[in-house]
Amino acid sequence: MKRLIDFKNFTKGIWKENPVLYLMLGLCPLLAISGSVSDSIGMGIAFTFVLVCSNIIISLIRRFVPAHVRIPVFIVIIATFVTITDYSVAAFSPQLHKNLGVFLPLIVVNCIVLGRAEAFASKNNVINSFLDGLGMGIGFTIIIVFMAVIREGIGNGTIMGRPVFPENYKPFLFMILPPGAFLVIGFLIALKNTIEGRRKC
């Protein structure tokens with residue numbers, strides 16, 4: 001019997017079933033945006049908002065949506081919240097909106113959002129769906145911001161535009177290029193697997 005409230009649905013997204021390090025979903029915006037800490041924070045917040053809100057609505061209507069049209073319905077719901085997010089960011093932070101570019105509206109087709117809608121929210125109650133969305137969103141945000149700290153720090157010598165190294169530091173530009181993003185995410189996945197492996201021993 002499923003529990004009404006299971007906080008494991010929240011914690012699993014942060015570490016054990018992290019959408020990036022474990023499920024390896026949503027890598028496109030992660031690799032593209034993680035060159036800047038401020039942009040990564042903005043993407044993480046926007047992504048979490050869409051994921052939580054769509055999970056809640058999908059859970060509320062799951063019993064009324066015919067199985068053969070559920071995916072189009074899910075996409076319409078997700079697209080609605082992405083549009084709200086897109087317009088809100090454009091209104092309140094035009095520079096962030098410009099920096100995020102096409103990756104903000106592309107949250108509509110992000111595998112994590114649609115995957116959680118299909119695999120979890122459509123089968124669980126509202127509270128657990130909220131916890132699942134929040135946990136997955138926070139897990140995604142933690143990783144993209146952590147990657148940005150590494151990439152911007154080493155690649156530009158700054159964090160959120162502020163210098164963190166002495167004036168004679170020569171930025172390692174490789175880190176803010178796409179290969180640098182793949183290198184960082186590879187190390188993070190290896191680190192998680194190593195930690196999990198030692199915990200099982």
# chains A, B, ... in the order shown; residues from 1 in each chain; ligands from 1
call {"tool": "residues_around", "arguments": {"residues": "A:Val52", "least_positions_apart": "2", "cutoff": "12 Å", "atoms": "only C-alpha atoms", "output": "PyMOL selection string"}}
result
chain A and resi 10+45-50+54-59+77-78+81-82+112-114+116-117+120-121+126-138
call {"tool": "select_by_dssp", "arguments": {"residues": "stretch 14-168 of chain A", "states": "alpha helix (DSSP H)", "output": "VMD selection string"}}
result
chain A and resid 14 27 to 33 37 to 61 70 to 92 94 to 100 111 to 116 126 to 156
call {"tool": "residues_around", "arguments": {"residues": "A:Ser38", "least_positions_apart": "2", "cutoff": "12 Å", "atoms": "only C-alpha atoms", "output": "list in words"}}
result
Ile33, Ser34, Gly35, Ser36, Ser40, Ile41, Gly42, Met43, Gly44, Ile45, Ser93, Gln95, Leu96, His97, Asn99, Leu100, Thr141, Ile144, Val145, Phe146, Met147, Ala148, Val149, Glu152, Thr158, Ile159, Met160, Gly161 and Arg162 of chain A
call {"tool": "atom_distance", "arguments": {"atom1": "atom CA of A:Val89", "atom2": "atom CA of A:Glu17"}}
result
28.8 Å
call {"tool": "closest_residue", "arguments": {"among": "A:Ala79, A:Cys53, A:Val69, A:Ala32", "to": "A:Met175", "atoms": "only C-alpha atoms"}}
result
A:Ala32
call {"tool": "decode", "arguments": {"residues": "stretch 126-183 of chain A", "atoms": "C-alpha atoms", "output": "mmCIF file, in the first residue's frame"}}
result
data_model
loop_
_atom_site.group_PDB
_atom_site.id
_atom_site.type_symbol
_atom_site.label_atom_id
_atom_site.label_comp_id
_atom_site.auth_asym_id
_atom_site.auth_seq_id
_atom_site.Cartn_x
_atom_site.Cartn_y
_atom_site.Cartn_z
ATOM 1 C CA VAL A 126 -0.538 15.302 -5.174
ATOM 2 C CA ILE A 127 1.679 15.485 -2.083
ATOM 3 C CA ASN A 128 4.100 12.800 -3.239
ATOM 4 C CA SER A 129 4.099 14.254 -6.747
ATOM 5 C CA PHE A 130 4.986 17.657 -5.286
ATOM 6 C CA LEU A 131 7.819 16.099 -3.252
ATOM 7 C CA ASP A 132 9.084 14.199 -6.285
ATOM 8 C CA GLY A 133 9.108 17.316 -8.463
ATOM 9 C CA LEU A 134 10.755 19.433 -5.790
ATOM 10 C CA GLY A 135 13.439 16.830 -5.077
ATOM 11 C CA MET A 136 14.244 16.290 -8.755
ATOM 12 C CA GLY A 137 14.298 20.051 -9.365
ATOM 13 C CA ILE A 138 16.624 20.714 -6.433
ATOM 14 C CA GLY A 139 18.852 17.811 -7.508
ATOM 15 C CA PHE A 140 19.114 19.269 -11.013
ATOM 16 C CA THR A 141 19.781 22.768 -9.623
ATOM 17 C CA ILE A 142 22.515 21.585 -7.264
ATOM 18 C CA ILE A 143 24.384 19.841 -10.067
ATOM 19 C CA ILE A 144 24.092 22.638 -12.633
ATOM 20 C CA VAL A 145 25.208 25.265 -10.090
ATOM 21 C CA PHE A 146 28.071 23.083 -8.833
ATOM 22 C CA MET A 147 29.213 22.546 -12.412
ATOM 23 C CA ALA A 148 28.998 26.285 -13.051
ATOM 24 C CA VAL A 149 31.128 27.078 -10.001
ATOM 25 C CA ILE A 150 33.842 24.748 -11.337
ATOM 26 C CA ARG A 151 33.593 25.843 -14.967
ATOM 27 C CA GLU A 152 33.266 29.587 -14.419
ATOM 28 C CA GLY A 153 35.827 29.571 -11.617
ATOM 29 C CA ILE A 154 38.501 27.752 -13.597
ATOM 30 C CA GLY A 155 37.488 28.957 -17.057
ATOM 31 C CA ASN A 156 37.026 32.658 -16.278
ATOM 32 C CA GLY A 157 38.605 33.034 -12.870
ATOM 33 C CA THR A 158 35.319 34.413 -11.547
ATOM 34 C CA ILE A 159 32.161 33.311 -9.736
ATOM 35 C CA MET A 160 29.031 35.315 -10.552
ATOM 36 C CA GLY A 161 31.311 37.805 -12.290
ATOM 37 C CA ARG A 162 33.538 38.416 -9.271
ATOM 38 C CA PRO A 163 37.251 37.482 -9.395
ATOM 39 C CA VAL A 164 38.218 34.565 -7.144
ATOM 40 C CA PHE A 165 41.859 34.208 -8.127
ATOM 41 C CA PRO A 166 44.853 36.573 -8.039
ATOM 42 C CA GLU A 167 45.276 39.048 -10.892
ATOM 43 C CA ASN A 168 48.041 36.975 -12.472
ATOM 44 C CA TYR A 169 45.728 33.935 -12.856
ATOM 45 C CA LYS A 170 45.371 32.830 -16.464
ATOM 46 C CA PRO A 171 41.855 31.458 -17.112
ATOM 47 C CA PHE A 172 41.697 27.920 -18.473
ATOM 48 C CA LEU A 173 39.259 28.673 -21.294
ATOM 49 C CA PHE A 174 38.814 24.979 -22.108
ATOM 50 C CA MET A 175 36.540 24.669 -19.073
ATOM 51 C CA ILE A 176 33.884 27.071 -20.367
ATOM 52 C CA LEU A 177 33.752 25.343 -23.749
ATOM 53 C CA PRO A 178 31.497 22.300 -24.423
ATOM 54 C CA PRO A 179 34.344 19.761 -23.935
ATOM 55 C CA GLY A 180 34.937 21.228 -20.478
ATOM 56 C CA ALA A 181 31.282 20.645 -19.602
ATOM 57 C CA PHE A 182 31.520 16.985 -20.640
ATOM 58 C CA LEU A 183 34.701 16.605 -18.602
#
